[in-house]
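Coordinates from my_file27.pdb are shown below (PDB, C-alpha atoms).
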ATOM      1  CA  GLY A   1      97.558  69.250  97.655
ATOM      2  CA  ASP A   2      99.922  70.420  94.975
ATOM      3  CA  SER A   3     103.321  71.728  96.038
ATOM      4  CA  VAL A   4     106.659  72.903  94.651
ATOM      5  CA  THR A   5     110.032  72.486  96.338
ATOM      6  CA  GLN A   6     113.143  74.195  95.075
ATOM      7  CA  MET A   7     116.667  74.362  96.372
ATOM      8  CA  GLU A   8     117.432  76.936  98.990
ATOM      9  CA  GLY A   9     119.672  79.838  98.155
ATOM     10  CA  PRO A  10     121.451  81.949  97.838
ATOM     11  CA  VAL A  11     123.506  80.457  95.056
ATOM     12  CA  THR A  12     126.719  82.353  94.314
ATOM     13  CA  LEU A  13     128.599  81.682  91.076
ATOM     14  CA  SER A  14     131.361  83.263  89.090
ATOM     15  CA  GLU A  15     130.634  84.564  85.610
ATOM     16  CA  GLU A  16     130.619  81.813  82.949
ATOM     17  CA  ALA A  17     129.975  79.069  85.524
ATOM     18  CA  PHE A  18     127.335  76.360  84.993
ATOM     19  CA  LEU A  19     124.046  76.842  86.804
ATOM     20  CA  THR A  20     121.594  74.267  88.103
ATOM     21  CA  ILE A  21     118.632  75.124  90.302
ATOM     22  CA  ASN A  22     116.680  72.064  91.382
ATOM     23  CA  CYS A  23     112.900  71.958  91.444
ATOM     24  CA  THR A  24     110.583  69.076  92.278
ATOM     25  CA  TYR A  25     106.818  69.048  92.470
ATOM     26  CA  THR A  26     103.838  67.075  93.677
ATOM     27  CA  ALA A  27     100.544  67.250  91.818
ATOM     28  CA  THR A  28      97.405  65.175  91.558
ATOM     29  CA  GLY A  29      96.852  65.924  87.886
ATOM     30  CA  TYR A  30      99.035  66.828  84.943
ATOM     31  CA  PRO A  31     100.194  70.375  85.619
ATOM     32  CA  SER A  32     102.094  72.799  83.456
ATOM     33  CA  LEU A  33     105.475  73.818  84.840
ATOM     34  CA  PHE A  34     107.101  77.218  84.785
ATOM     35  CA  TRP A  35     110.223  79.114  85.748
ATOM     36  CA  TYR A  36     109.710  82.771  86.569
ATOM     37  CA  VAL A  37     112.481  85.303  87.228
ATOM     38  CA  GLN A  38     112.326  88.368  89.455
ATOM     39  CA  TYR A  39     114.924  91.088  88.987
ATOM     40  CA  PRO A  40     115.518  93.515  91.864
ATOM     41  CA  GLY A  41     112.589  95.848  92.461
ATOM     42  CA  GLU A  42     110.426  94.257  89.788
ATOM     43  CA  GLY A  43     107.550  91.816  89.489
ATOM     44  CA  LEU A  44     107.923  88.264  88.267
ATOM     45  CA  GLN A  45     108.223  87.542  84.573
ATOM     46  CA  LEU A  46     108.042  84.269  82.731
ATOM     47  CA  LEU A  47     111.414  82.745  81.873
ATOM     48  CA  LEU A  48     110.278  79.450  80.330
ATOM     49  CA  LYS A  49     107.568  76.825  80.559
ATOM     50  CA  ALA A  50     106.717  73.240  79.641
ATOM     51  CA  THR A  51     103.246  71.840  79.313
ATOM     52  CA  LYS A  52     103.691  68.057  79.166
ATOM     53  CA  ALA A  53     106.121  65.298  80.037
ATOM     54  CA  ASP A  54     109.486  65.386  78.246
ATOM     55  CA  ASP A  55     108.883  68.908  76.940
ATOM     56  CA  LYS A  56     111.901  71.189  77.161
ATOM     57  CA  GLY A  57     111.398  74.889  77.788
ATOM     58  CA  SER A  58     114.178  77.269  76.819
ATOM     59  CA  ASN A  59     114.821  81.001  76.769
ATOM     60  CA  LYS A  60     117.853  83.319  77.032
ATOM     61  CA  GLY A  61     120.199  80.313  77.348
ATOM     62  CA  PHE A  62     118.193  78.753  80.195
ATOM     63  CA  GLU A  63     116.644  75.309  79.827
ATOM     64  CA  ALA A  64     114.430  72.998  81.856
ATOM     65  CA  THR A  65     112.927  69.599  80.991
ATOM     66  CA  TYR A  66     109.612  68.321  82.360
ATOM     67  CA  ARG A  67     110.471  64.948  83.939
ATOM     68  CA  LYS A  68     107.301  63.171  85.006
ATOM     69  CA  GLU A  69     109.125  60.076  86.237
ATOM     70  CA  THR A  70     111.158  62.091  88.748
ATOM     71  CA  THR A  71     108.566  64.895  89.132
ATOM     72  CA  SER A  72     111.283  67.430  88.459
ATOM     73  CA  PHE A  73     111.849  70.583  86.396
ATOM     74  CA  HIS A  74     115.447  71.626  87.045
ATOM     75  CA  LEU A  75     116.687  74.921  85.620
ATOM     76  CA  GLU A  76     120.078  74.965  83.878
ATOM     77  CA  LYS A  77     122.282  77.437  82.078
ATOM     78  CA  GLY A  78     125.677  76.656  80.623
ATOM     79  CA  SER A  79     127.366  80.006  81.248
ATOM     80  CA  VAL A  80     125.860  82.563  83.608
ATOM     81  CA  GLN A  81     126.353  86.314  83.359
ATOM     82  CA  VAL A  82     126.266  89.034  86.005
ATOM     83  CA  SER A  83     122.961  90.162  84.501
ATOM     84  CA  ASP A  84     121.423  86.794  85.462
ATOM     85  CA  SER A  85     121.550  87.777  89.141
ATOM     86  CA  ALA A  86     117.935  87.562  90.269
ATOM     87  CA  VAL A  87     115.482  85.387  92.180
ATOM     88  CA  TYR A  88     114.180  82.354  90.296
ATOM     89  CA  PHE A  89     110.820  80.764  91.070
ATOM     90  CA  CYS A  90     109.677  77.338  90.002
ATOM     91  CA  ALA A  91     105.900  77.038  89.663
ATOM     92  CA  LEU A  92     103.150  74.701  88.562
ATOM     93  CA  SER A  93      99.722  75.535  87.244
ATOM     94  CA  ASP A  94      96.756  73.272  87.721
ATOM     95  CA  ARG A  95      92.989  73.429  87.900
ATOM     96  CA  GLY A  96      91.701  74.990  91.132
ATOM     97  CA  ASN A  97      88.976  73.498  93.325
ATOM     98  CA  THR A  98      86.554  76.355  92.699
ATOM     99  CA  GLY A  99      87.160  76.861  89.024
ATOM    100  CA  GLY A 100      89.847  78.608  87.101
ATOM    101  CA  PHE A 101      93.494  77.756  87.311
ATOM    102  CA  LYS A 102      95.837  78.315  90.201
ATOM    103  CA  THR A 103      99.596  78.573  90.185
ATOM    104  CA  ILE A 104     101.686  77.223  93.065
ATOM    105  CA  PHE A 105     105.087  78.848  93.503
ATOM    106  CA  GLY A 106     108.233  77.548  95.121
ATOM    107  CA  ALA A 107     109.997  79.666  97.740
ATOM    108  CA  GLY A 108     112.426  81.122  95.220
ATOM    109  CA  THR A 109     116.185  80.770  94.821
ATOM    110  CA  ARG A 110     118.348  83.855  94.823
ATOM    111  CA  LEU A 111     121.273  83.772  92.390
ATOM    112  CA  PHE A 112     124.295  86.025  92.700
ATOM    113  CA  VAL A 113     126.781  86.058  89.817
ATOM    114  CA  LYS A 114     130.188  87.637  90.462
ATOM    115  CA  ALA A 115     132.258  89.228  87.724
TER     116      ALA A 115
ATOM    117  CA  ASN B 116      99.770  98.661  76.290
ATOM    118  CA  ALA B 117     100.729  99.099  79.951
ATOM    119  CA  GLY B 118     100.180  95.454  80.957
ATOM    120  CA  VAL B 119      99.472  95.124  84.672
ATOM    121  CA  THR B 120      99.747  98.226  86.841
ATOM    122  CA  GLN B 121      99.482  98.558  90.607
ATOM    123  CA  THR B 122      98.674 101.573  92.760
ATOM    124  CA  PRO B 123     100.292 102.646  95.050
ATOM    125  CA  LYS B 124     103.913 101.492  94.817
ATOM    126  CA  PHE B 125     104.662 102.091  98.501
ATOM    127  CA  ARG B 126     102.521 102.663 101.577
ATOM    128  CA  VAL B 127     103.036 102.885 105.312
ATOM    129  CA  LEU B 128     100.046 102.276 107.577
ATOM    130  CA  LYS B 129      99.477 102.286 111.292
ATOM    131  CA  THR B 130      97.897  99.263 112.936
ATOM    132  CA  GLY B 131      94.131  99.389 112.534
ATOM    133  CA  GLN B 132      94.083 101.639 109.495
ATOM    134  CA  SER B 133      92.439 100.542 106.273
ATOM    135  CA  MET B 134      93.486 100.825 102.663
ATOM    136  CA  THR B 135      92.759  99.548  99.173
ATOM    137  CA  LEU B 136      95.317  98.379  96.633
ATOM    138  CA  LEU B 137      94.325  98.788  93.010
ATOM    139  CA  CYS B 138      95.332  96.465  90.197
ATOM    140  CA  ALA B 139      94.512  97.265  86.586
ATOM    141  CA  GLN B 140      95.203  95.274  83.402
ATOM    142  CA  ASP B 141      94.647  96.275  79.808
ATOM    143  CA  MET B 142      95.051  92.842  78.211
ATOM    144  CA  ASN B 143      91.390  91.797  78.523
ATOM    145  CA  HIS B 144      92.377  88.880  80.766
ATOM    146  CA  GLU B 145      89.687  86.873  82.509
ATOM    147  CA  TYR B 146      91.681  85.742  85.526
ATOM    148  CA  MET B 147      93.274  87.996  88.121
ATOM    149  CA  TYR B 148      95.210  87.182  91.282
ATOM    150  CA  TRP B 149      96.556  88.823  94.408
ATOM    151  CA  TYR B 150      99.708  87.395  96.015
ATOM    152  CA  ARG B 151     101.865  88.389  98.911
ATOM    153  CA  GLN B 152     105.604  87.819  98.912
ATOM    154  CA  ASP B 153     107.483  87.303 102.152
ATOM    155  CA  PRO B 154     111.161  86.414 102.593
ATOM    156  CA  GLY B 155     111.794  82.677 102.288
ATOM    157  CA  MET B 156     108.150  81.911 101.526
ATOM    158  CA  GLY B 157     107.807  82.649  97.850
ATOM    159  CA  LEU B 158     104.451  83.912  96.660
ATOM    160  CA  ARG B 159     101.266  82.972  98.465
ATOM    161  CA  LEU B 160      97.866  83.420  96.888
ATOM    162  CA  ILE B 161      95.484  85.675  98.816
ATOM    163  CA  HIS B 162      92.412  85.825  96.551
ATOM    164  CA  TYR B 163      91.696  85.347  92.902
ATOM    165  CA  SER B 164      88.981  85.988  90.355
ATOM    166  CA  VAL B 165      87.956  83.985  87.317
ATOM    167  CA  GLY B 166      85.834  86.753  85.847
ATOM    168  CA  GLU B 167      84.035  90.020  86.436
ATOM    169  CA  GLY B 168      81.870  89.852  89.537
ATOM    170  CA  THR B 169      83.457  86.638  90.866
ATOM    171  CA  THR B 170      86.085  86.146  93.569
ATOM    172  CA  ALA B 171      87.492  83.171  95.458
ATOM    173  CA  LYS B 172      89.764  82.604  98.431
ATOM    174  CA  GLY B 173      93.333  81.530  98.010
ATOM    175  CA  GLU B 174      95.833  80.166 100.485
ATOM    176  CA  VAL B 175      95.993  83.119 102.910
ATOM    177  CA  PRO B 176      92.735  85.127 102.647
ATOM    178  CA  ASP B 177      92.238  86.148 106.285
ATOM    179  CA  GLY B 178      92.297  89.897 106.889
ATOM    180  CA  TYR B 179      91.768  90.747 103.215
ATOM    181  CA  ASN B 180      88.789  91.379 100.981
ATOM    182  CA  VAL B 181      88.615  91.768  97.219
ATOM    183  CA  SER B 182      86.264  93.006  94.556
ATOM    184  CA  ARG B 183      86.130  92.631  90.764
ATOM    185  CA  LEU B 184      83.421  95.040  89.658
ATOM    186  CA  LYS B 185      85.065  95.646  86.300
ATOM    187  CA  LYS B 186      86.935  93.098  84.241
ATOM    188  CA  GLN B 187      90.070  95.195  84.097
ATOM    189  CA  ASN B 188      90.298  96.007  87.811
ATOM    190  CA  PHE B 189      90.906  93.868  90.882
ATOM    191  CA  LEU B 190      90.900  95.603  94.256
ATOM    192  CA  LEU B 191      92.499  94.260  97.448
ATOM    193  CA  GLY B 192      91.277  95.732 100.719
ATOM    194  CA  LEU B 193      92.698  95.658 104.213
ATOM    195  CA  GLU B 194      89.966  96.632 106.662
ATOM    196  CA  SER B 195      92.137  96.790 109.790
ATOM    197  CA  ALA B 196      95.820  96.496 109.023
ATOM    198  CA  ALA B 197      98.109  94.422 111.249
ATOM    199  CA  PRO B 198     101.925  94.258 111.369
ATOM    200  CA  SER B 199     101.698  90.678 110.029
ATOM    201  CA  GLN B 200     100.408  92.158 106.777
ATOM    202  CA  THR B 201     103.707  93.918 106.136
ATOM    203  CA  SER B 202     104.719  92.436 102.808
ATOM    204  CA  VAL B 203     105.132  93.036  99.110
ATOM    205  CA  TYR B 204     101.870  92.531  97.235
ATOM    206  CA  PHE B 205     101.757  91.441  93.624
ATOM    207  CA  CYS B 206      98.828  91.393  91.273
ATOM    208  CA  ALA B 207      98.785  89.124  88.251
ATOM    209  CA  SER B 208      96.465  88.369  85.367
ATOM    210  CA  ARG B 209      96.161  85.686  82.720
ATOM    211  CA  PRO B 210      93.827  84.819  79.885
ATOM    212  CA  ALA B 211      91.234  82.082  80.211
ATOM    213  CA  GLY B 212      91.508  78.921  78.206
ATOM    214  CA  GLY B 213      93.900  76.573  79.925
ATOM    215  CA  PHE B 214      96.497  76.129  82.591
ATOM    216  CA  THR B 215      99.353  76.377  80.129
ATOM    217  CA  ASP B 216      98.963  80.127  79.973
ATOM    218  CA  THR B 217     101.408  82.492  81.563
ATOM    219  CA  GLN B 218     100.600  84.878  84.365
ATOM    220  CA  TYR B 219     101.551  88.525  83.888
ATOM    221  CA  PHE B 220     102.655  90.348  87.009
ATOM    222  CA  GLY B 221     102.501  93.940  88.115
ATOM    223  CA  PRO B 222     105.522  95.693  89.662
ATOM    224  CA  GLY B 223     104.327  95.212  93.239
ATOM    225  CA  THR B 224     103.223  97.321  96.193
ATOM    226  CA  ARG B 225     105.455  97.441  99.251
ATOM    227  CA  LEU B 226     103.294  97.804 102.358
ATOM    228  CA  THR B 227     104.601  98.432 105.863
ATOM    229  CA  VAL B 228     102.268  98.270 108.851
ATOM    230  CA  LEU B 229     103.644  99.859 112.015
TER     231      LEU B 229
END

Would you kindly transcribe this structure into structure tokens?
Amino acid sequence: GDSVTQMEGPVTLSEEAFLTINCTYTATGYPSLFWYVQYPGEGLQLLLKATKADDKGSNKGFEATYRKETTSFHLEKGSVQVSDSAVYFCALSDRGNTGGFKTIFGAGTRLFVKA
Amino acid sequence: NAGVTQTPKFRVLKTGQSMTLLCAQDMNHEYMYWYRQDPGMGLRLIHYSVGEGTTAKGEVPDGYNVSRLKKQNFLLGLESAAPSQTSVYFCASRPAGGFTDTQYFGPGTRLTVL
């Protein structure tokens, strides 16, 4: 079945450092790929998405490129801020067996940014 | 436009007690989902619904039941709570039409079963 694997955390960086969070996936079809972010005490919210190979999603300085050849969707940001401290989830969305569409989430990577 | 709301926000149960978690969305979305979030395990799908009156099992359905009597509401029931059901529960919704669409999440319900 479909699955998502992302790097274990926590990741601790200093402000203005470069961020990479790795994410790889397995899927039988051609899924859409997402990064969601969860701030403390809140639900998940969409950060960015890509719907086909070579698409680049971007938002709030974060970027990720859909790489079909390496089945990857790594999240990057050039200069992190303290406010970026959160848990980041990589996810894929594909057609479910009983209709509708299901989303498979990775385990999440917690990011701490120090001032 | 409140988005996705969940009731209650916190709850403590004793083993064997029952309860119902309510999820409501005002975005006219067709699809609704219940997830549980446990440390180190990300989100796992409990049940989902592709429309009013329909439900389907997800990855971890045992011990839970759901109902979707109205399009805007998706109820998650625990008939006999167990300590293993201590978790944070998230509801989400999304429009129909394709798997490129985003899911919209509620703020979560933190449940503790003693």

(request) Determine which residues of chain B sit within 8 Å of chain A, taking into account all atoms listed in the file, and present them as an NGL selection string. (result) :B and (146 or 155-159 or 165 or 171 or 205 or 211 or 213-215 or 217-223)

(message) Report, in Å to a single decimal, how far apart atom CA of B:Pro210 and atom CA of B:His144 are.
(response)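 Interatomic distance here is 4.4 Å.
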
(message) So, with only C-alpha atoms as the atoms that count, which of B:Phe189, B:Pro154, B:Gln200, B:Trp149 lies closest to B:Lys172?
(response)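 Counting only C-alpha atoms, the residue closest to B:Lys172 is B:Trp149.
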
(message) Between atom CA of B:Tyr148 and atom CA of A:Thr65, what distance in Å does the model show, to one decimal?
(response)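 Atom CA of A:Thr65 lies 27.0 Å from atom CA of B:Tyr148.
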
(request) Could you tell me which of B:Gln152, B:Thr170, B:Thr201, B:Gln140 comes closest to B:Gln121 if we count all atoms listed in the file? (result)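 Once distances to B:Gln121 are computed over all atoms listed in the file, the minimum belongs to B:Gln140.
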
(request) Give me the residues within 12 Å of B:Thr227 as a PyMOL selection string, counting all atoms listed in the file and dropping any in the same chain fewer than 3 places off. (result) chain B and resi 124-130+132+134+196-204+224

(request) Please check which residues have atoms at most 8 Å from (89.9, 93.1, 105.5) in the file's coordinates, counting only C-alpha atoms, and write them as a list in words. (result)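 The residues that fall inside the cut-off are Ser133, Asp177, Gly178, Tyr179, Asn180, Gly192, Leu193, Glu194, Ser195 and Ala196 of chain B.
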
(message) I'd like to see the residues matched by the PyMOL selection byres ((chain A and resi 58) around 10) on this file, and ideally I'd get them as a PyMOL selection string.
(response) chain A and resi 35+47-50+55-57+59-65+75-77

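Between atom CA of A:Ser79 and atom CA of A:Pro10 lies a distance of 17.7 Å.
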
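Shortest atom-to-atom contact with B:Tyr163 among B:Thr135, B:Ser208, B:Thr120, B:Gln187: B:Ser208, counting only C-alpha atoms.
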
Hey, what comes out of the PyMOL selection byres ((chain A and resi 111) around 12) on this file? Could you write it as a compact mmCIF listing (two decimals) with C-alpha atoms, keeping the file's coordinate frame?
# COMPACT_ATOMS: atom_id res chain seq x y z
CA MET A 7 116.67 74.36 96.37
CA GLU A 8 117.43 76.94 98.99
CA GLY A 9 119.67 79.84 98.16
CA PRO A 10 121.45 81.95 97.84
CA VAL A 11 123.51 80.46 95.06
CA THR A 12 126.72 82.35 94.31
CA LEU A 13 128.60 81.68 91.08
CA SER A 14 131.36 83.26 89.09
CA GLU A 15 130.63 84.56 85.61
CA LEU A 19 124.05 76.84 86.80
CA THR A 20 121.59 74.27 88.10
CA ILE A 21 118.63 75.12 90.30
CA VAL A 37 112.48 85.30 87.23
CA GLN A 38 112.33 88.37 89.46
CA TYR A 39 114.92 91.09 88.99
CA PRO A 40 115.52 93.52 91.86
CA VAL A 80 125.86 82.56 83.61
CA GLN A 81 126.35 86.31 83.36
CA VAL A 82 126.27 89.03 86.00
CA SER A 83 122.96 90.16 84.50
CA ASP A 84 121.42 86.79 85.46
CA SER A 85 121.55 87.78 89.14
CA ALA A 86 117.94 87.56 90.27
CA VAL A 87 115.48 85.39 92.18
CA TYR A 88 114.18 82.35 90.30
CA PHE A 89 110.82 80.76 91.07
CA GLY A 108 112.43 81.12 95.22
CA THR A 109 116.18 80.77 94.82
CA ARG A 110 118.35 83.86 94.82
CA PHE A 112 124.30 86.02 92.70
CA VAL A 113 126.78 86.06 89.82
CA LYS A 114 130.19 87.64 90.46

(message) For the provided coordinates, the residues matched by the PyMOL selection byres ((chain A and resi 5) around 7) should be stated as a list of chain:residue names.
(response)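 Those residues are A:Ser3, A:Val4, A:Gln6, A:Met7, A:Cys23, A:Thr24, A:Tyr25, A:Gly106.
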
For the residues in the current selection, export C-alpha atoms as a tab-separated table (two decimals), in the frame of the given file.
chain	number	residue	atom	x	y	z
A	3	SER	CA	103.32	71.73	96.04
A	4	VAL	CA	106.66	72.90	94.65
A	6	GLN	CA	113.14	74.19	95.08
A	7	MET	CA	116.67	74.36	96.37
A	23	CYS	CA	112.90	71.96	91.44
A	24	THR	CA	110.58	69.08	92.28
A	25	TYR	CA	106.82	69.05	92.47
A	106	GLY	CA	108.23	77.55	95.12

(message) Between B:Ala139, B:Leu229, B:Val119, B:Ile161, which residue has the minimum interatomic distance to B:Val181, considering only C-alpha atoms?
(response)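 Residue with the minimum atom-to-atom distance to B:Val181: B:Ile161.
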